[in-house]
Amino acid sequence: MSSASFRPKETTILEEYKITDKVLGLGINGKVLECFDRKTGEKYALKVLRDEPKSRREVELHWRACNCQHIVRIINVYHNNFQGVPSLLVVMECMKGGELFTRIQERANSAFTEREAAAIIRDIAVAINHLHNMDIAHRDIKPENLLYTEGNKNGILKLTDFGFAKETNTSKSLKTPCFTPYYAAPEVLGPEKYDTSCDLWSLGVIMYILLCGYPPFYSNHGFAISPGMKRRIRKGEYEFPSPEWNQISKEAKDLIKGLLETNPDKRFTISDVMANPWVGSVVTVPDTPLLSLKNLWKDAVEWYDMQEDMTNALQSMRVDYRYHIKNPKESNNKLILKRMKKP
């Protein structure tokens, strides 16, 4: 994919693609439909965006960055009227393997190891490294935006949805509060300026969940975000409780500490992550079975309810307190209940 500015085709997309009514997913700024190449029959994903400045920015940044193996590839972009509305129609490779956590759930009967978690973090880090080298902050690193190309072991993990991506080498600083509650860095929660380091915090949260099966920060009252959750994020208050963390390597815990550093100036950079042996030398990471699968999917329905509620809440604005996630106190997960009892 060329790094030059994208030039959407003005010809009708229907000349080259057949569009179905099947919705494959929902992005921050638009829905994703199924489509097929009329000549080859190949299946693709079609993102429909209202043609406006923020959509142009999203497609521009994604277009420039998608020459990385771990970023979803854009095939074509069209400027057409779609259902009577001037739109950008973005044809992307179809990620048949599904979301990161769904992929892990499907193998719930087999062991998930620390080495496998390290390989996942390495792939995500490659995508972040590519973006940060281009002075692009993604600002929405989360499991729902990490998809596999195939449903088998050969599937490649890729980052998608550039709806909140932004260049960091401009005169405008990053001040707009764009975040998904579980993965929000402390500096993003307030009026402070922030930069690409917010992506590293999100990486640390994903790594924490992969290794133990629950997030380091969450609301005790069932909200997408709460004052108490904000306070814990700002102070970096989290633990490595037993038994999940007993067998996990010190190297993994130290990497998480570096990523979940509340001061962005002291937080690990993506260069630090790429140079870290836990990421850079995955084959040397202990092949220790993790308890994350058991915890992550013990209350799988509740987990998906929480994710769905947050996704719905973020369609029109980044955080909308009208939507509530399910109250963890209603959970049957003994670990969650035990952690909530702690002061």
# chains A, B, ... in the order shown; residues from 1 in each chain; ligands from 1
>>> residues_around(residues="stretch 63-68 of chain A", least_positions_apart="5", cutoff="10 Å", atoms="only C-alpha atoms", output="ChimeraX atom specification")
/A:1-6,57-58,73-77,90,126-127,129-131,134,136,158-160,162
>>> write_last_selection(atoms="N, CA and C atoms", output="PDB file, in the first residue's frame")
ATOM      1  N   MET A   1       0.853  -1.193   0.000  1.00  0.00           N
ATOM      2  CA  MET A   1       0.000   0.000   0.000  1.00  0.00           C
ATOM      3  C   MET A   1       0.887   1.240   0.000  1.00  0.00           C
ATOM      4  N   SER A   2       0.605   2.139  -0.908  1.00  0.00           N
ATOM      5  CA  SER A   2       1.388   3.366  -1.009  1.00  0.00           C
ATOM      6  C   SER A   2       1.190   4.247   0.210  1.00  0.00           C
ATOM      7  N   SER A   3       2.257   4.973   0.597  1.00  0.00           N
ATOM      8  CA  SER A   3       2.174   5.895   1.720  1.00  0.00           C
ATOM      9  C   SER A   3       1.597   7.242   1.290  1.00  0.00           C
ATOM     10  N   ALA A   4       1.337   7.415  -0.040  1.00  0.00           N
ATOM     11  CA  ALA A   4       0.784   8.664  -0.531  1.00  0.00           C
ATOM     12  C   ALA A   4      -0.658   8.819  -0.069  1.00  0.00           C
ATOM     13  N   SER A   5      -1.150  10.056  -0.134  1.00  0.00           N
ATOM     14  CA  SER A   5      -2.527  10.307   0.266  1.00  0.00           C
ATOM     15  C   SER A   5      -3.474   9.470  -0.585  1.00  0.00           C
ATOM     16  N   PHE A   6      -4.513   8.975   0.039  1.00  0.00           N
ATOM     17  CA  PHE A   6      -5.455   8.138  -0.691  1.00  0.00           C
ATOM     18  C   PHE A   6      -6.309   9.009  -1.627  1.00  0.00           C
ATOM     19  N   ARG A  57      -9.904  11.732   7.757  1.00  0.00           N
ATOM     20  CA  ARG A  57      -8.697  11.542   8.562  1.00  0.00           C
ATOM     21  C   ARG A  57      -8.498  10.076   8.896  1.00  0.00           C
ATOM     22  N   GLU A  58      -9.579   9.402   9.280  1.00  0.00           N
ATOM     23  CA  GLU A  58      -9.482   7.978   9.616  1.00  0.00           C
ATOM     24  C   GLU A  58      -8.947   7.167   8.452  1.00  0.00           C
ATOM     25  N   ARG A  73      -5.431  -4.554   6.111  1.00  0.00           N
ATOM     26  CA  ARG A  73      -5.092  -3.966   4.820  1.00  0.00           C
ATOM     27  C   ARG A  73      -6.322  -3.352   4.139  1.00  0.00           C
ATOM     28  N   ILE A  74      -6.160  -2.150   3.590  1.00  0.00           N
ATOM     29  CA  ILE A  74      -7.198  -1.521   2.770  1.00  0.00           C
ATOM     30  C   ILE A  74      -6.960  -1.913   1.313  1.00  0.00           C
ATOM     31  N   ILE A  75      -8.036  -2.353   0.635  1.00  0.00           N
ATOM     32  CA  ILE A  75      -7.933  -2.768  -0.768  1.00  0.00           C
ATOM     33  C   ILE A  75      -8.285  -1.631  -1.714  1.00  0.00           C
ATOM     34  N   ASN A  76      -9.441  -0.980  -1.458  1.00  0.00           N
ATOM     35  CA  ASN A  76      -9.918   0.114  -2.301  1.00  0.00           C
ATOM     36  C   ASN A  76     -10.733   1.092  -1.464  1.00  0.00           C
ATOM     37  N   VAL A  77     -10.832   2.321  -1.928  1.00  0.00           N
ATOM     38  CA  VAL A  77     -11.695   3.315  -1.291  1.00  0.00           C
ATOM     39  C   VAL A  77     -12.513   3.998  -2.388  1.00  0.00           C
ATOM     40  N   VAL A  90     -14.937   1.904   2.213  1.00  0.00           N
ATOM     41  CA  VAL A  90     -13.580   1.392   2.373  1.00  0.00           C
ATOM     42  C   VAL A  90     -13.595  -0.131   2.314  1.00  0.00           C
ATOM     43  N   VAL A 126       4.317  -4.840  17.320  1.00  0.00           N
ATOM     44  CA  VAL A 126       4.820  -4.560  15.973  1.00  0.00           C
ATOM     45  C   VAL A 126       3.933  -3.520  15.283  1.00  0.00           C
ATOM     46  N   ALA A 127       2.610  -3.674  15.440  1.00  0.00           N
ATOM     47  CA  ALA A 127       1.682  -2.707  14.839  1.00  0.00           C
ATOM     48  C   ALA A 127       1.848  -1.326  15.471  1.00  0.00           C
ATOM     49  N   ASN A 129       4.476  -0.137  17.018  1.00  0.00           N
ATOM     50  CA  ASN A 129       5.790   0.383  16.641  1.00  0.00           C
ATOM     51  C   ASN A 129       5.732   1.024  15.252  1.00  0.00           C
ATOM     52  N   HIS A 130       5.046   0.365  14.340  1.00  0.00           N
ATOM     53  CA  HIS A 130       4.892   0.891  12.985  1.00  0.00           C
ATOM     54  C   HIS A 130       4.174   2.239  13.016  1.00  0.00           C
ATOM     55  N   LEU A 131       3.105   2.340  13.789  1.00  0.00           N
ATOM     56  CA  LEU A 131       2.338   3.583  13.873  1.00  0.00           C
ATOM     57  C   LEU A 131       3.150   4.700  14.527  1.00  0.00           C
ATOM     58  N   MET A 134       5.579   6.409  12.539  1.00  0.00           N
ATOM     59  CA  MET A 134       4.953   7.324  11.581  1.00  0.00           C
ATOM     60  C   MET A 134       4.314   8.512  12.300  1.00  0.00           C
ATOM     61  N   ILE A 136       1.940   8.425  14.554  1.00  0.00           N
ATOM     62  CA  ILE A 136       0.494   8.213  14.635  1.00  0.00           C
ATOM     63  C   ILE A 136       0.168   7.539  15.951  1.00  0.00           C
ATOM     64  N   LYS A 158      -4.137  -8.735  13.597  1.00  0.00           N
ATOM     65  CA  LYS A 158      -3.978  -7.403  13.003  1.00  0.00           C
ATOM     66  C   LYS A 158      -4.824  -6.368  13.744  1.00  0.00           C
ATOM     67  N   LEU A 159      -4.332  -5.143  13.737  1.00  0.00           N
ATOM     68  CA  LEU A 159      -5.012  -4.015  14.366  1.00  0.00           C
ATOM     69  C   LEU A 159      -5.884  -3.299  13.348  1.00  0.00           C
ATOM     70  N   THR A 160      -7.091  -2.875  13.775  1.00  0.00           N
ATOM     71  CA  THR A 160      -7.996  -2.177  12.871  1.00  0.00           C
ATOM     72  C   THR A 160      -8.656  -1.003  13.581  1.00  0.00           C
ATOM     73  N   PHE A 162      -9.317   2.856  12.833  1.00  0.00           N
ATOM     74  CA  PHE A 162      -8.521   4.067  13.042  1.00  0.00           C
ATOM     75  C   PHE A 162      -9.408   5.284  13.285  1.00  0.00           C
TER      76      PHE A 162
END
>>> closest_atom_pairs(of="stretch 13-129 of chain A", to="stretch 256-261 of chain A", cutoff="12 Å", atoms="only C-alpha atoms", output="CSV")
residue,atom,partner,partner_atom,distance
A:Ala118,CA,A:Ile256,CA,11.7
A:Ile121,CA,A:Ile256,CA,11.2
A:Ala125,CA,A:Leu259,CA,11.9
>>> write_last_selection(atoms="N, CA, C and O atoms", output="PDB file, in the first residue's frame")
ATOM      1  N   ALA A 118       2.891 -13.917  25.203  1.00  0.00           N
ATOM      2  CA  ALA A 118       4.007 -13.074  24.773  1.00  0.00           C
ATOM      3  C   ALA A 118       4.002 -12.892  23.257  1.00  0.00           C
ATOM      4  O   ALA A 118       4.280 -11.797  22.749  1.00  0.00           O
ATOM      5  N   ILE A 121       1.333 -10.313  22.408  1.00  0.00           N
ATOM      6  CA  ILE A 121       1.789  -8.958  22.737  1.00  0.00           C
ATOM      7  C   ILE A 121       2.845  -8.493  21.734  1.00  0.00           C
ATOM      8  O   ILE A 121       2.854  -7.326  21.329  1.00  0.00           O
ATOM      9  N   ALA A 125       2.571  -5.196  19.470  1.00  0.00           N
ATOM     10  CA  ALA A 125       3.660  -4.225  19.592  1.00  0.00           C
ATOM     11  C   ALA A 125       4.241  -3.871  18.227  1.00  0.00           C
ATOM     12  O   ALA A 125       4.621  -2.714  17.991  1.00  0.00           O
TER      13      ALA A 125
END
>>> residues_around(residues="A:Asp37", least_positions_apart="2", cutoff="7 Å", atoms="only C-alpha atoms", output="list of chain:residue names")
A:Glu16, A:Tyr17, A:Lys18, A:Cys35, A:Lys39, A:Thr40, A:Gly41, A:Glu42, A:Lys43
>>> closest_residue(among="A:Ser242, A:Thr11, A:Ser249, A:Asn81", to="A:Glu114", atoms="only C-alpha atoms")
A:Ser249
>>> atom_distance(atom1="atom CA of A:Ala117", atom2="atom CA of A:Leu210")
6.2 Å
>>> atom_distance(atom1="atom CA of A:Pro143", atom2="atom CA of A:Leu100")
5.6 Å
>>> atom_distance(atom1="atom CA of A:Lys54", atom2="atom CA of A:Gly163")
7.8 Å
>>> residues_around(residues="stretch 148-155 of chain A", least_positions_apart="2", cutoff="10 Å", atoms="only C-alpha atoms", output="list in words")
His70, Val72, Glu93, Cys94, Met95, Lys96, Gly97, Gly98, Glu99, Leu100, Arg103, Glu106, Leu146, Leu157, Lys158 and Leu159 of chain A
>>> write_last_selection(atoms="all heavy atoms", output="short mmCIF file (atom, residue, chain, number, x, y, z; two decimals), in the first residue's frame")
data_model
loop_
_atom_site.label_atom_id
_atom_site.label_comp_id
_atom_site.auth_asym_id
_atom_site.auth_seq_id
_atom_site.Cartn_x
_atom_site.Cartn_y
_atom_site.Cartn_z
N HIS A 70 0.81 -6.44 10.57
CA HIS A 70 -0.14 -6.57 11.68
C HIS A 70 -1.15 -5.42 11.75
O HIS A 70 -1.68 -5.12 12.81
CB HIS A 70 0.63 -6.71 13.00
CG HIS A 70 1.39 -8.00 13.09
ND1 HIS A 70 0.77 -9.21 13.24
CD2 HIS A 70 2.72 -8.26 13.01
CE1 HIS A 70 1.68 -10.17 13.29
NE2 HIS A 70 2.87 -9.61 13.14
N VAL A 72 -4.69 -4.21 9.53
CA VAL A 72 -5.65 -4.63 8.52
C VAL A 72 -5.45 -3.85 7.23
O VAL A 72 -5.32 -2.61 7.25
CB VAL A 72 -7.10 -4.46 9.03
CG1 VAL A 72 -8.11 -4.69 7.91
CG2 VAL A 72 -7.37 -5.43 10.18
N GLU A 93 -9.49 -6.11 3.76
CA GLU A 93 -9.42 -7.57 3.85
C GLU A 93 -10.38 -8.06 4.92
O GLU A 93 -10.59 -7.40 5.94
CB GLU A 93 -7.99 -8.02 4.14
CG GLU A 93 -7.42 -7.54 5.46
CD GLU A 93 -6.01 -8.06 5.70
OE1 GLU A 93 -5.75 -9.25 5.43
OE2 GLU A 93 -5.16 -7.28 6.17
N CYS A 94 -10.97 -9.21 4.67
CA CYS A 94 -11.94 -9.77 5.61
C CYS A 94 -11.21 -10.59 6.66
O CYS A 94 -10.48 -11.52 6.34
CB CYS A 94 -12.95 -10.65 4.88
SG CYS A 94 -14.29 -11.23 5.93
N MET A 95 -11.39 -10.23 7.93
CA MET A 95 -10.70 -10.90 9.02
C MET A 95 -11.56 -12.06 9.51
O MET A 95 -12.38 -11.95 10.42
CB MET A 95 -10.42 -9.89 10.13
CG MET A 95 -9.66 -8.65 9.66
SD MET A 95 -8.05 -9.04 8.93
CE MET A 95 -7.14 -9.48 10.41
N LYS A 96 -11.36 -13.21 8.89
CA LYS A 96 -12.23 -14.36 9.10
C LYS A 96 -12.01 -15.03 10.46
O LYS A 96 -12.85 -15.82 10.91
CB LYS A 96 -11.99 -15.40 7.99
CG LYS A 96 -12.23 -14.84 6.59
CD LYS A 96 -11.83 -15.83 5.52
CE LYS A 96 -11.97 -15.23 4.12
NZ LYS A 96 -11.51 -16.18 3.06
N GLY A 97 -10.90 -14.72 11.12
CA GLY A 97 -10.59 -15.39 12.38
C GLY A 97 -11.22 -14.77 13.60
O GLY A 97 -11.14 -15.33 14.69
N GLY A 98 -11.84 -13.60 13.45
CA GLY A 98 -12.55 -12.99 14.58
C GLY A 98 -11.65 -12.25 15.55
O GLY A 98 -10.45 -12.10 15.35
N GLU A 99 -12.28 -11.79 16.64
CA GLU A 99 -11.60 -10.97 17.64
C GLU A 99 -10.64 -11.78 18.51
O GLU A 99 -10.79 -12.99 18.67
CB GLU A 99 -12.63 -10.28 18.54
CG GLU A 99 -13.53 -9.31 17.82
CD GLU A 99 -14.58 -8.71 18.74
OE1 GLU A 99 -14.55 -8.98 19.96
OE2 GLU A 99 -15.46 -7.98 18.23
N LEU A 100 -9.68 -11.07 19.10
CA LEU A 100 -8.64 -11.68 19.92
C LEU A 100 -9.20 -12.57 21.02
O LEU A 100 -8.86 -13.75 21.13
CB LEU A 100 -7.75 -10.59 20.52
CG LEU A 100 -6.72 -11.04 21.57
CD1 LEU A 100 -5.76 -12.06 20.98
CD2 LEU A 100 -5.98 -9.84 22.12
N ARG A 103 -11.15 -15.62 19.85
CA ARG A 103 -10.23 -16.65 19.35
C ARG A 103 -9.69 -17.48 20.51
O ARG A 103 -9.61 -18.72 20.43
CB ARG A 103 -9.10 -15.96 18.59
CG ARG A 103 -7.95 -16.85 18.15
CD ARG A 103 -8.37 -17.83 17.07
NE ARG A 103 -7.17 -18.36 16.43
CZ ARG A 103 -6.66 -17.89 15.30
NH1 ARG A 103 -7.25 -16.89 14.68
NH2 ARG A 103 -5.58 -18.41 14.79
N GLU A 106 -12.32 -19.91 21.98
CA GLU A 106 -12.59 -21.10 21.17
C GLU A 106 -11.64 -22.25 21.48
O GLU A 106 -11.91 -23.39 21.11
CB GLU A 106 -12.51 -20.73 19.69
CG GLU A 106 -13.65 -19.82 19.24
CD GLU A 106 -13.47 -19.33 17.82
OE1 GLU A 106 -12.36 -19.55 17.25
OE2 GLU A 106 -14.41 -18.73 17.28
N LEU A 146 -8.58 -5.96 17.59
CA LEU A 146 -7.50 -6.88 17.23
C LEU A 146 -8.13 -8.14 16.67
O LEU A 146 -8.78 -8.90 17.37
CB LEU A 146 -6.64 -7.18 18.46
CG LEU A 146 -5.87 -5.97 18.99
CD1 LEU A 146 -5.42 -6.19 20.43
CD2 LEU A 146 -4.66 -5.67 18.10
N LEU A 157 -2.64 -11.91 13.55
CA LEU A 157 -3.33 -10.91 14.35
C LEU A 157 -3.06 -9.52 13.79
O LEU A 157 -1.91 -9.16 13.54
CB LEU A 157 -2.86 -10.99 15.81
CG LEU A 157 -3.57 -10.08 16.82
CD1 LEU A 157 -5.04 -10.44 16.94
CD2 LEU A 157 -2.88 -10.16 18.18
N LYS A 158 -4.14 -8.73 13.60
CA LYS A 158 -3.98 -7.40 13.00
C LYS A 158 -4.82 -6.37 13.74
O LYS A 158 -5.89 -6.67 14.27
CB LYS A 158 -4.38 -7.42 11.52
CG LYS A 158 -3.51 -8.32 10.65
CD LYS A 158 -3.72 -8.06 9.18
CE LYS A 158 -2.81 -8.92 8.30
NZ LYS A 158 -2.85 -8.51 6.88
N LEU A 159 -4.33 -5.14 13.74
CA LEU A 159 -5.01 -4.02 14.37
C LEU A 159 -5.88 -3.30 13.35
O LEU A 159 -5.50 -3.13 12.19
CB LEU A 159 -3.97 -3.05 14.92
CG LEU A 159 -4.47 -1.74 15.56
CD1 LEU A 159 -5.28 -2.02 16.82
CD2 LEU A 159 -3.26 -0.85 15.90
#
>>> residues_around(residues="A:Gly213", least_positions_apart="3", cutoff="6 Å", atoms="only C-alpha atoms", output="compact mmCIF listing (two decimals) with C-alpha atoms, in the first residue's frame")
# COMPACT_ATOMS: atom_id res chain seq x y z
CA ILE A 209 -5.90 -9.54 31.00
CA LEU A 210 -4.20 -12.13 28.79
CA SER A 292 -6.60 -16.70 32.42
CA ASN A 295 -11.24 -16.63 34.77
CA LEU A 296 -11.92 -14.93 31.47
>>> closest_residue(among="A:Gly30, A:Asp199, A:Pro8, A:Val23", to="A:Asp161", atoms="only C-alpha atoms")
A:Gly30
>>> select_by_dssp(residues="stretch 34-75 of chain A", states="strand (DSSP E or B)", output="list in words")
Glu34, Cys35, Phe36, Asp37, Lys43, Tyr44, Ala45, Leu46, Lys47, Val48, Leu49, Arg50, Ile71, Ile74 and Ile75 of chain A
>>> residues_around(residues="A:Phe268", least_positions_apart="3", cutoff="12 Å", atoms="only C-alpha atoms", output="PyMOL selection string")
chain A and resi 125+196-204+254-265+271-276
>>> closest_residue(among="A:Thr168, A:Lys47, A:Pro243, A:Ile124", to="A:Asn145", atoms="only C-alpha atoms")
A:Ile124
>>> select_by_dssp(residues="stretch 76-121 of chain A", states="alpha helix (DSSP H)", output="PDB file with C-alpha atoms, in the first residue's frame")
ATOM      1  CA  LEU A 100      -8.637 -11.683  19.917  1.00  0.00           C
ATOM      2  CA  PHE A 101     -10.557 -12.791  23.012  1.00  0.00           C
ATOM      3  CA  THR A 102     -13.104 -14.776  20.973  1.00  0.00           C
ATOM      4  CA  ARG A 103     -10.234 -16.645  19.348  1.00  0.00           C
ATOM      5  CA  ILE A 104      -8.819 -17.532  22.763  1.00  0.00           C
ATOM      6  CA  GLN A 105     -12.235 -18.622  24.022  1.00  0.00           C
ATOM      7  CA  GLU A 114       2.640 -17.360  29.000  1.00  0.00           C
ATOM      8  CA  ARG A 115       4.697 -17.913  25.853  1.00  0.00           C
ATOM      9  CA  GLU A 116       1.567 -17.687  23.703  1.00  0.00           C
ATOM     10  CA  ALA A 117       0.546 -14.490  25.499  1.00  0.00           C
ATOM     11  CA  ALA A 118       4.007 -13.074  24.773  1.00  0.00           C
ATOM     12  CA  ALA A 119       3.624 -13.875  21.068  1.00  0.00           C
ATOM     13  CA  ILE A 120       0.296 -11.999  21.000  1.00  0.00           C
ATOM     14  CA  ILE A 121       1.789  -8.958  22.737  1.00  0.00           C
TER      15      ILE A 121
END
>>> closest_residue(among="A:Leu293, A:Ala111, A:Val59, A:Ile248", to="A:Tyr78", atoms="only C-alpha atoms")
A:Val59
